[in-house]
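J.: So here's work_5.cif (mmCIF, C-alpha atoms).
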```cif
data_entry
#
loop_
_atom_site.label_atom_id
_atom_site.label_comp_id
_atom_site.auth_asym_id
_atom_site.auth_seq_id
_atom_site.Cartn_x
_atom_site.Cartn_y
_atom_site.Cartn_z
CA MET A 1 124.96 12.53 88.72
CA ARG A 2 126.31 8.98 88.83
CA GLY A 3 127.45 6.87 85.93
CA THR A 4 129.70 4.07 84.69
CA ILE A 5 132.58 4.19 82.25
CA GLU A 6 133.12 0.95 80.38
CA PRO A 7 133.65 -1.65 81.55
CA ASN A 8 133.05 -0.96 85.25
CA ILE A 9 134.42 2.42 86.38
CA GLY A 10 131.81 3.97 88.63
CA PHE A 11 131.87 7.73 89.14
CA GLN A 12 129.99 10.67 90.61
CA LEU A 13 130.02 14.12 89.02
CA LYS A 14 128.47 17.21 90.59
CA LEU A 15 127.52 20.10 88.32
CA PRO A 16 126.66 23.42 90.02
CA THR A 17 123.66 25.14 88.46
CA ARG A 18 124.21 28.72 89.67
CA THR A 19 127.76 29.41 90.82
CA TYR A 20 129.87 27.53 88.27
CA GLN A 21 132.87 29.56 87.08
CA GLY A 22 134.45 27.20 84.59
CA ARG A 23 136.61 25.03 86.82
CA TYR A 24 136.76 21.26 87.23
CA LEU A 25 138.20 19.48 90.30
CA GLN A 26 138.73 15.73 90.42
CA TYR A 27 139.57 13.84 93.58
CA GLY A 28 141.76 10.76 93.98
CA CYS A 29 140.73 7.72 95.99
CA GLY A 30 142.56 6.04 98.86
CA GLY A 31 143.65 2.50 99.69
CA PHE A 32 142.27 -0.06 97.26
CA CYS A 33 139.40 2.29 96.31
CA GLY A 34 136.15 0.51 95.40
CA ILE A 35 133.99 3.20 97.04
CA ILE A 36 133.08 6.60 95.65
CA ASP A 37 133.70 9.25 98.28
CA ASP A 38 131.15 12.03 97.85
CA PRO A 39 133.16 14.78 96.10
CA ALA A 40 133.02 18.04 98.04
CA PHE A 41 132.86 21.51 96.57
CA PRO A 42 136.15 23.19 97.53
CA LYS A 43 136.23 26.12 99.91
CA GLY A 44 138.69 28.90 100.59
CA CYS A 45 139.70 29.56 96.99
CA GLY A 46 138.58 33.19 96.92
CA PRO A 47 135.24 34.93 96.36
CA ALA A 48 135.47 34.75 92.56
CA PHE A 49 136.16 31.03 92.54
CA GLY A 50 132.55 29.94 92.74
CA ASP A 51 131.69 26.25 92.78
CA ALA A 52 133.77 23.99 90.57
CA ALA A 53 132.34 20.91 88.95
CA VAL A 54 133.69 18.05 91.06
CA ALA A 55 134.05 14.32 90.48
CA ALA A 56 135.38 11.10 92.01
CA THR A 57 135.61 7.46 90.96
CA ASP A 58 135.81 4.02 92.53
CA ASP A 59 138.66 3.14 90.13
CA GLY A 60 136.80 0.35 88.35
CA HIS A 61 135.50 -2.01 91.04
CA GLN A 62 133.07 -1.95 93.93
CA VAL A 63 133.42 -3.07 97.55
CA THR A 64 131.32 -2.53 100.66
CA PRO A 65 132.24 0.08 103.30
CA GLU A 66 132.47 -2.76 105.83
CA ASN A 67 135.16 -4.51 103.78
CA GLY A 68 137.32 -1.71 102.42
CA PHE A 69 140.41 -3.92 102.23
CA ASP A 70 138.72 -6.34 99.83
CA THR A 71 140.83 -7.19 96.75
CA THR A 72 139.04 -10.33 95.58
CA TRP A 73 137.91 -8.32 92.52
CA ALA A 74 141.54 -8.49 91.33
CA ILE A 75 142.08 -12.27 91.53
CA ASP A 76 141.59 -12.98 87.83
CA ASN A 77 140.47 -9.67 86.32
CA GLN A 78 143.34 -7.85 84.61
CA GLN A 79 141.05 -5.10 83.32
CA ALA A 80 139.93 -4.29 86.86
CA ARG A 81 143.55 -4.23 87.97
CA ASP A 82 144.60 -1.92 85.15
CA ASP A 83 141.67 0.41 85.78
CA TYR A 84 142.83 0.69 89.40
CA PHE A 85 146.53 0.88 88.56
CA TYR A 86 146.33 3.69 86.03
CA ARG A 87 143.31 3.96 83.70
CA ALA A 88 140.34 5.09 85.82
CA PRO A 89 141.44 8.64 86.81
CA HIS A 90 142.36 9.44 83.20
CA ALA A 91 139.12 7.98 81.86
CA LEU A 92 137.08 9.97 84.36
CA SER A 93 138.81 13.21 83.38
CA LYS A 94 137.86 12.65 79.74
CA VAL A 95 134.26 11.69 80.46
CA SER A 96 133.70 14.48 83.00
CA LYS A 97 135.01 17.15 80.64
CA ARG A 98 132.78 15.86 77.86
CA ILE A 99 129.71 15.97 80.11
CA ILE A 100 130.69 19.45 81.33
CA SER A 101 131.05 20.64 77.74
CA VAL A 102 127.55 19.44 76.89
CA PHE A 103 125.95 20.71 80.10
CA TYR A 104 127.50 24.20 80.15
CA GLY A 105 128.23 24.61 76.45
CA SER A 106 132.01 24.73 76.82
CA ALA A 107 134.87 22.74 78.31
CA PRO A 108 136.33 23.70 81.71
CA ARG A 109 138.65 26.69 81.64
CA LYS A 110 140.94 25.09 84.21
CA SER A 111 141.11 21.54 85.58
CA TYR A 112 142.58 20.41 88.89
CA PHE A 113 143.35 17.09 90.59
CA ASN A 114 143.75 16.59 94.33
CA GLY A 115 144.63 13.26 95.94
CA CYS A 116 146.36 11.79 98.98
CA SER A 117 147.96 8.36 99.51
CA ASN A 118 146.77 6.19 96.62
CA GLY A 119 145.18 9.39 95.35
CA GLY A 120 148.59 11.04 95.59
CA ARG A 121 149.98 8.21 93.47
CA GLU A 122 147.23 8.86 90.94
CA ALA A 123 148.13 12.55 90.96
CA LEU A 124 151.77 11.92 90.08
CA LEU A 125 150.79 9.29 87.56
CA LEU A 126 148.51 11.77 85.77
CA ALA A 127 151.29 14.35 85.53
CA GLN A 128 153.63 11.66 84.18
CA ARG A 129 151.41 9.65 81.82
CA TYR A 130 148.59 12.04 80.96
CA PRO A 131 150.24 15.47 81.17
CA HIS A 132 147.41 17.36 79.43
CA ASP A 133 144.54 16.16 81.63
CA PHE A 134 145.00 18.74 84.40
CA ASP A 135 146.39 22.27 84.72
CA GLY A 136 147.12 21.94 88.43
CA ILE A 137 147.84 18.81 90.46
CA ILE A 138 148.21 18.18 94.19
CA SER A 139 149.97 14.94 95.12
CA ALA A 140 149.83 14.36 98.87
CA ALA A 141 151.71 11.56 100.64
CA PRO A 142 151.93 9.69 97.32
CA ALA A 143 151.98 5.88 97.28
CA PHE A 144 154.10 6.15 94.14
CA THR A 145 156.51 3.31 94.94
CA TYR A 146 153.74 0.71 94.78
CA THR A 147 156.19 -2.13 94.18
CA ALA A 148 157.90 -1.48 97.50
CA LEU A 149 155.02 -0.09 99.53
CA ILE A 150 153.04 -3.31 99.92
CA GLY A 151 156.10 -5.07 101.31
CA TYR A 152 156.63 -2.13 103.61
CA GLN A 153 153.12 -2.50 105.02
CA ALA A 154 153.88 -6.16 105.71
CA TRP A 155 157.12 -5.16 107.46
CA ILE A 156 155.50 -2.74 109.88
CA ALA A 157 152.51 -5.04 110.48
CA ARG A 158 154.83 -7.88 111.50
CA ASN A 159 156.77 -5.64 113.89
CA ALA A 160 153.87 -4.15 115.84
CA ILE A 161 154.09 -3.63 119.60
CA PRO A 162 151.21 -3.12 122.09
CA ASN A 163 149.57 0.29 122.25
CA ASP A 164 150.58 0.99 125.84
CA LYS A 165 154.22 0.45 124.87
CA ILE A 166 153.74 2.72 121.85
CA VAL A 167 152.61 5.58 124.12
CA LEU A 168 155.59 4.95 126.41
CA LEU A 169 157.94 5.00 123.44
CA HIS A 170 156.46 8.19 122.02
CA ASP A 171 156.84 10.06 125.30
CA ALA A 172 160.50 9.03 125.48
CA VAL A 173 161.17 10.04 121.86
CA MET A 174 159.60 13.46 122.32
CA LYS A 175 161.53 14.05 125.54
CA ALA A 176 164.78 13.22 123.78
CA CYS A 177 164.20 14.90 120.40
CA ASP A 178 161.58 17.66 120.58
CA GLY A 179 164.15 20.42 121.10
CA LEU A 180 166.71 19.30 118.52
CA ASP A 181 165.24 21.68 115.94
CA GLY A 182 165.82 24.61 118.31
CA LEU A 183 162.31 24.83 119.71
CA VAL A 184 160.46 22.76 122.31
CA ASP A 185 156.95 22.90 120.90
CA GLY A 186 155.54 19.37 120.99
CA GLN A 187 156.55 18.51 117.44
CA ILE A 188 159.71 17.33 115.68
CA GLU A 189 160.54 19.48 112.67
CA ASP A 190 162.53 16.78 110.86
CA PRO A 191 162.56 13.21 112.27
CA ARG A 192 166.01 12.64 110.79
CA LEU A 193 167.42 14.89 113.52
CA CYS A 194 166.46 12.29 116.12
CA LYS A 195 168.85 9.48 117.12
CA PHE A 196 166.80 7.99 119.94
CA ASP A 197 167.99 4.59 121.11
CA PRO A 198 165.05 2.34 122.11
CA SER A 199 167.36 0.25 124.30
CA SER A 200 167.15 3.15 126.77
CA LEU A 201 163.72 1.74 127.59
CA ALA A 202 165.10 -1.66 128.64
CA GLY A 203 163.03 -2.93 131.54
CA GLN A 204 159.98 -1.09 130.21
CA LEU A 205 160.07 -2.69 126.76
CA THR A 206 160.99 -6.34 126.34
CA ASP A 207 164.04 -7.30 124.30
CA ASP A 208 161.73 -8.42 121.49
CA GLU A 209 159.83 -5.12 121.57
CA ILE A 210 163.10 -3.16 121.42
CA ALA A 211 164.18 -5.21 118.41
CA ARG A 212 160.83 -4.59 116.73
CA VAL A 213 161.07 -0.85 117.32
CA ARG A 214 164.56 -0.78 115.81
CA ARG A 215 163.22 -2.55 112.72
CA LEU A 216 160.31 -0.15 112.44
CA TYR A 217 162.57 2.90 112.41
CA ALA A 218 165.06 1.28 110.02
CA GLY A 219 162.64 -0.15 107.44
CA PRO A 220 163.08 -3.49 105.64
CA SER A 221 166.35 -4.57 104.06
CA ASP A 222 168.05 -7.67 102.69
CA ASN A 223 171.77 -8.06 103.36
CA GLY A 224 172.20 -4.33 103.71
CA VAL A 225 170.09 -3.40 100.66
CA ARG A 226 167.05 -1.34 101.60
CA LEU A 227 163.78 -2.73 100.26
CA TYR A 228 161.95 0.55 100.85
CA PRO A 229 163.26 4.14 100.82
CA GLY A 230 162.34 4.98 104.40
CA GLY A 231 161.20 3.79 107.80
CA GLN A 232 158.85 4.86 110.56
CA ALA A 233 159.51 8.44 111.61
CA TYR A 234 160.64 9.40 115.10
CA GLY A 235 157.72 11.25 116.65
CA SER A 236 155.05 9.43 114.65
CA GLU A 237 154.53 6.71 117.25
CA ILE A 238 151.02 7.63 118.45
CA SER A 239 149.70 7.02 114.94
CA TRP A 240 151.05 3.45 115.10
CA THR A 241 148.24 2.68 117.56
CA PHE A 242 145.73 2.51 114.69
CA TRP A 243 148.02 1.77 111.72
CA LEU A 244 149.94 -1.14 113.24
CA ASN A 245 147.31 -2.45 115.67
CA PRO A 246 143.60 -3.33 115.20
CA THR A 247 140.91 -0.74 115.84
CA PRO A 248 137.11 -1.07 116.14
CA GLU A 249 136.70 1.18 113.07
CA PHE A 250 138.63 -1.11 110.71
CA GLY A 251 138.43 -4.43 112.58
CA GLN A 252 142.12 -5.00 111.93
CA ALA A 253 145.34 -3.04 111.64
CA ILE A 254 145.48 -0.88 108.52
CA ALA A 255 148.97 -2.10 107.60
CA ALA A 256 147.91 -5.73 107.95
CA GLY A 257 144.75 -5.22 105.91
CA LEU A 258 146.65 -3.54 103.09
CA ALA A 259 149.51 -6.02 103.01
CA ASP A 260 147.59 -9.28 103.33
CA ASN A 261 144.92 -8.47 100.75
CA ALA A 262 147.37 -7.05 98.22
CA LEU A 263 149.77 -9.98 98.54
CA LYS A 264 146.97 -12.54 98.22
CA HIS A 265 145.10 -11.09 95.24
CA LEU A 266 146.63 -8.02 93.59
CA VAL A 267 150.37 -7.52 93.29
CA TYR A 268 151.59 -10.68 91.56
CA PRO A 269 150.75 -11.49 87.93
CA ILE A 270 147.51 -13.40 87.46
CA GLY A 271 148.19 -17.13 87.46
CA LYS A 272 151.54 -16.79 89.25
CA PRO A 273 152.14 -17.87 92.88
CA HIS A 274 150.99 -15.25 95.36
CA SER A 275 151.93 -14.61 98.98
CA SER A 276 150.35 -13.30 102.19
CA LEU A 277 151.19 -11.23 105.23
CA ALA A 278 152.18 -14.36 107.14
CA SER A 279 154.42 -15.84 104.43
CA PHE A 280 155.93 -12.82 102.67
CA GLU A 281 159.74 -12.85 102.62
CA PHE A 282 161.70 -9.61 102.88
CA THR A 283 164.27 -10.47 100.23
CA LEU A 284 165.49 -8.97 96.99
CA ARG A 285 164.19 -12.04 95.20
CA GLU A 286 160.66 -11.46 96.49
CA PHE A 287 160.94 -7.75 95.71
CA ARG A 288 161.71 -8.57 92.08
CA ARG A 289 158.76 -10.99 91.92
CA LEU A 290 156.49 -8.01 92.63
CA VAL A 291 157.84 -5.85 89.81
CA PRO A 292 156.11 -7.29 86.69
CA GLU A 293 152.62 -6.46 87.97
CA THR A 294 153.16 -3.49 90.29
CA VAL A 295 155.28 -1.54 87.82
CA LYS A 296 151.95 -0.74 86.14
CA ALA A 297 150.87 1.09 89.29
CA ASN A 298 154.14 2.86 90.04
CA ALA A 299 154.27 6.62 89.47
CA MET A 300 158.07 6.78 89.35
CA SER A 301 158.75 8.52 86.05
CA LEU A 302 161.09 11.49 86.32
CA ASP A 303 160.05 12.86 82.94
CA LEU A 304 157.47 15.58 83.58
CA ARG A 305 158.70 17.77 80.74
CA GLU A 306 155.44 17.57 78.79
CA PHE A 307 153.41 18.52 81.86
CA ARG A 308 155.72 21.47 82.50
CA ARG A 309 155.76 22.60 78.87
CA GLY A 310 151.96 22.59 78.85
CA GLY A 311 151.93 25.06 81.74
CA GLY A 312 151.06 22.50 84.41
CA LYS A 313 151.70 23.30 88.06
CA LEU A 314 152.46 20.60 90.64
CA ILE A 315 152.36 20.69 94.42
CA ILE A 316 153.64 17.65 96.30
CA TRP A 317 153.25 17.58 100.05
CA HIS A 318 153.94 15.03 102.77
CA GLY A 319 153.66 14.89 106.54
CA ALA A 320 157.01 14.31 108.22
CA GLY A 321 155.29 12.07 110.79
CA ASP A 322 153.50 9.90 108.20
CA GLU A 323 153.02 6.41 109.66
CA GLY A 324 151.72 4.82 106.47
CA ILE A 325 154.05 6.11 103.76
CA PRO A 326 157.38 7.45 105.07
CA PHE A 327 158.14 10.94 103.80
CA GLU A 328 161.73 9.99 102.94
CA GLY A 329 160.57 8.23 99.78
CA THR A 330 158.95 11.42 98.53
CA LEU A 331 162.15 13.34 99.27
CA ASP A 332 164.07 10.72 97.29
CA TYR A 333 161.73 11.21 94.31
CA TRP A 334 161.94 15.01 94.56
CA GLN A 335 165.75 14.90 94.67
CA ARG A 336 165.87 12.76 91.54
CA LEU A 337 163.23 14.86 89.79
CA THR A 338 164.57 18.34 90.52
CA GLY A 339 168.03 17.94 92.04
CA GLY A 340 166.44 19.15 95.27
CA ARG A 341 165.76 22.64 93.90
CA THR A 342 162.50 24.57 93.98
CA GLN A 343 161.06 24.78 90.47
CA GLY A 344 159.10 27.43 88.63
CA TRP A 345 156.42 24.81 87.97
CA ALA A 346 156.62 22.58 91.06
CA ARG A 347 156.77 22.87 94.83
CA LEU A 348 157.33 20.35 97.64
CA PHE A 349 156.04 21.04 101.14
CA VAL A 350 156.93 18.87 104.16
CA VAL A 351 154.56 19.38 107.09
CA PRO A 352 156.29 18.81 110.45
CA SER A 353 154.88 16.00 112.63
CA MET A 354 151.76 15.50 110.47
CA TRP A 355 150.47 11.94 110.04
CA HIS A 356 149.17 10.25 106.90
CA CYS A 357 147.03 12.76 104.96
CA PHE A 358 145.65 14.33 108.15
CA GLY A 359 146.02 14.27 111.91
CA GLY A 360 149.06 14.63 114.10
CA ASP A 361 150.34 15.60 117.51
CA LYS A 362 150.16 19.34 116.79
CA LEU A 363 149.57 20.01 113.08
CA THR A 364 146.56 18.16 111.69
CA GLU A 365 145.46 19.90 108.46
CA PHE A 366 147.20 21.14 105.32
CA ASP A 367 145.34 22.42 102.27
CA PRO A 368 147.39 23.90 99.42
CA LEU A 369 144.46 23.92 96.94
CA PRO A 370 143.77 27.68 97.20
CA ALA A 371 147.47 28.39 96.62
CA LEU A 372 147.52 26.04 93.62
CA VAL A 373 144.44 27.64 92.04
CA SER A 374 145.93 31.11 92.43
CA TRP A 375 149.23 29.93 90.95
CA VAL A 376 147.66 28.21 87.95
CA GLU A 377 145.45 31.19 87.22
CA GLY A 378 148.21 33.78 87.04
CA GLY A 379 149.11 34.42 90.64
CA PRO A 380 152.57 34.02 92.17
CA ALA A 381 154.08 30.65 92.99
CA PRO A 382 153.32 29.79 96.62
CA THR A 383 156.10 30.85 98.98
CA ARG A 384 154.33 29.46 102.04
CA VAL A 385 151.18 27.55 102.96
CA VAL A 386 149.85 27.66 106.52
CA ALA A 387 149.19 24.34 108.26
CA SER A 388 146.66 24.14 111.06
CA GLY A 389 146.29 22.11 114.22
CA ARG A 390 142.93 21.31 115.78
CA ASP A 391 142.12 19.56 119.01
CA SER A 392 139.70 16.64 119.40
CA GLU A 393 136.77 19.08 119.56
CA GLY A 394 137.73 20.85 116.35
CA ASN A 395 139.12 23.99 117.98
CA LEU A 396 142.00 25.68 116.19
CA VAL A 397 145.01 25.46 118.52
CA ARG A 398 148.01 26.03 116.23
CA THR A 399 148.97 27.56 112.90
CA ARG A 400 152.41 27.17 111.39
CA PRO A 401 153.80 28.26 108.01
CA VAL A 402 155.24 25.58 105.77
CA PHE A 403 157.78 26.82 103.23
CA PRO A 404 158.86 25.14 99.99
CA TYR A 405 161.31 22.37 100.81
CA PRO A 406 164.15 22.47 101.80
CA LEU A 407 163.26 25.70 103.63
CA ARG A 408 161.80 25.32 107.11
CA ALA A 409 159.91 27.51 109.56
CA LYS A 410 162.01 29.09 112.31
CA TYR A 411 160.62 30.83 115.39
CA ASP A 412 161.47 34.53 115.37
CA GLY A 413 161.79 34.61 119.15
CA SER A 414 158.67 36.52 120.10
CA GLY A 415 155.01 35.69 120.59
CA SER A 416 153.20 32.39 120.73
CA VAL A 417 154.71 29.30 119.10
CA ASP A 418 151.15 28.42 118.08
CA ASP A 419 150.84 31.49 115.80
CA ALA A 420 152.13 31.26 112.22
CA SER A 421 152.93 34.99 112.17
CA ASN A 422 155.83 34.41 114.58
CA PHE A 423 157.83 32.24 112.18
CA VAL A 424 160.14 33.03 109.27
CA ALA A 425 161.72 30.94 106.54
CA ALA A 426 165.13 29.44 107.28
CA PRO A 427 167.49 27.03 105.50
CA GLY A 428 166.82 23.34 105.99
CA PHE A 429 169.00 20.99 107.99
CA GLY A 430 171.11 19.87 105.04
CA PHE A 431 170.24 16.17 104.94
CA SER A 432 171.04 14.10 101.86
CA ASP A 433 167.69 13.16 100.38
CA ARG A 434 168.78 10.61 97.79
CA ILE A 435 168.45 7.05 99.09
CA ARG A 436 170.18 3.93 97.86
CA TRP A 437 167.56 1.18 97.70
CA ALA A 438 166.40 -1.84 95.73
CA GLY A 439 163.97 0.03 93.51
CA GLU A 440 166.27 2.66 92.04
CA ASP A 441 166.09 1.02 88.62
CA LEU A 442 162.32 1.58 88.60
CA TYR A 443 162.76 5.33 88.21
CA HIS A 444 162.59 6.44 84.56
CA ARG A 445 164.80 9.03 82.83
CA PRO A 446 167.50 9.59 85.45
CA GLY A 447 168.58 13.13 86.12
CA PRO A 448 166.69 16.30 87.10
CA VAL A 449 164.12 18.06 84.97
CA ALA A 450 165.27 21.52 83.95
CA PRO A 451 163.63 24.38 85.90
#
```
Would you mind giving the structure from this file in structure tokens?

T.:
Amino acid sequence: MRGTIEPNIGFQLKLPTRTYQGRYLQYGCGGFCGIIDDPAFPKGCGPAFGDAAVAATDDGHQVTPENGFDTTWAIDNQQARDDYFYRAPHALSKVSKRIISVFYGSAPRKSYFNGCSNGGREALLLAQRYPHDFDGIISAAPAFTYTALIGYQAWIARNAIPNDKIVLLHDAVMKACDGLDGLVDGQIEDPRLCKFDPSSLAGQLTDDEIARVRRLYAGPSDNGVRLYPGGQAYGSEISWTFWLNPTPEFGQAIAAGLADNALKHLVYPIGKPHSSLASFEFTLREFRRLVPETVKANAMSLDLREFRRGGGKLIIWHGAGDEGIPFEGTLDYWQRLTGGRTQGWARLFVVPSMWHCFGGDKLTEFDPLPALVSWVEGGPAPTRVVASGRDSEGNLVRTRPVFPYPLRAKYDGSGSVDDASNFVAAPGFGFSDRIRWAGEDLYHRPGPVAP
């Protein structure tokens, strides 16, 4: 069924008629939303799981599939902005549960939320602001630092290099850094191990291209103060070909489409001077100009005590090769939230080499939903989730266990490196995850949550 929540939140809710077992699953939406992605019935959650009721929303505005970057709906409509920033997922959870109660005669036994990117931001925001909406939440590659993320998209869009140079760069990075984690397997376990110097490609890259690449890896800063907690990951370069440069599918680069439309219509208070991709300044002053409006969208609270006390379970995961939202920001949040320690109610998984939400050089899929469902419904906390890699034809070519961060997968020395059974958990590389950056004051309730 389809419906509208006042004033303009469109949604779709699917209600199984034969195999419903009392569960509700809500999906987040990506980018600027505006389109309802057909919510899929989850698979792989066990034979007794049945079909959950599933729902998705457009977050309070509508755009066409041909113009997914459109933000003109936000020019002078604060309600539409607020629905997108924080209200729509919460409102949908309330409406869906009410409809489910009427249709089946009782409310859902367990409720789950699963989102990536902007949907990952929504996931964290729900745990923070609406801690009783969901029993289990998956936050993937969360766009939780909304204040800083739009500027970051502008930064990488304005430092793009041609695709043929990107391929050249990627080959050089992998040659230099693939084996630094102890295994030459076509993927970099942790990009922070890599110290590749792009000037080694002098004569193949121009001086301007070398400077751009340095800026991409470093991320934006102003007089030594980082404006975003991260930069492009070593090993992620192939994904720059469609995030930093135009493609036929999107008609423009993803980073450029996100940055330009947000800066023109969305991220400054209504009635105040706006900016654009071409004119945005990477300064602390401009960063602070973004705060009054974007703080509404940020999911940066460190106080998840109510969610935890209510029995909620949280899985955060992020691809280490994410070209759209650097994984370092998520590590920074996790460090501040938990002190870097695995919790009895929360897990963080970092998937080596994986791009934004899906895709990658070797690992392309990661689905912790079955593990979350088992955990919420009385099973053990997940000690590993297996990531998969598929080729362009959909054939399974690699499996690899991913352990709760900071643990990592280590080859046991025998068998195929493409088989998850040949890897064991090992200590991480000992990096410091807390980052000094311009948005530290936007975190709420400093200090870790008790386990």

J.: Counting only C-alpha atoms, which residues come within 7 Å of (163.8, 12.0, 108.3), with the point read in the file's coordinates, and could you list them as a short mmCIF file (atom, residue, chain, number, x, y, z; two decimals) with C-alpha atoms, in the frame of the given file?

T.:
```
data_model
loop_
_atom_site.label_atom_id
_atom_site.label_comp_id
_atom_site.auth_asym_id
_atom_site.auth_seq_id
_atom_site.Cartn_x
_atom_site.Cartn_y
_atom_site.Cartn_z
CA ASP A 190 162.53 16.78 110.86
CA PRO A 191 162.56 13.21 112.27
CA ARG A 192 166.01 12.64 110.79
CA LEU A 193 167.42 14.89 113.52
CA ALA A 233 159.51 8.44 111.61
CA GLU A 328 161.73 9.99 102.94
#
```

J.: Using the chain letters and numbers from the file, which residues does the PyMOL selection byres ((chain A and resi 109-123) around 7) grab, as JSON, numbers by chain?

T.: {"A": [22, 23, 24, 25, 26, 27, 28, 29, 30, 31, 107, 108, 124, 125, 126, 127, 134, 135, 136, 137, 138, 139, 140, 141, 142, 143, 144, 299, 357]}

J.: Give me the residues near Ser353 in chain A as a list in words, where near means some atom within 10 Å (using all atoms listed in the file) and where sequence neighbours in that chain fewer than 6 positions away do not count.

T.: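 The residues that qualify are Gly186, Gln187, Ile188, Glu189, Asp190, Pro191, Ala233, Tyr234, Gly235, Ser236, His318, Gly319, Ala320, Gly321, Asp322, Gly359, Gly360, Asp361, Lys362, Leu363 and Thr364 of chain A.
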
J.: Can you turn the PyMOL selection byres ((chain A and resi 373-388) around 8) into a concrete residue list for this file, as a ChimeraX atom specification?

T.: /A:45,135-136,312-313,344,347,351,363-372,389-390,396-404,420

J.: Can you give me, as a PyMOL selection string, the residues this file yields under the PyMOL selection byres ((chain A and resi 240) around 9)?

T.: chain A and resi 160-161+163+166+236-239+241-245+323-324
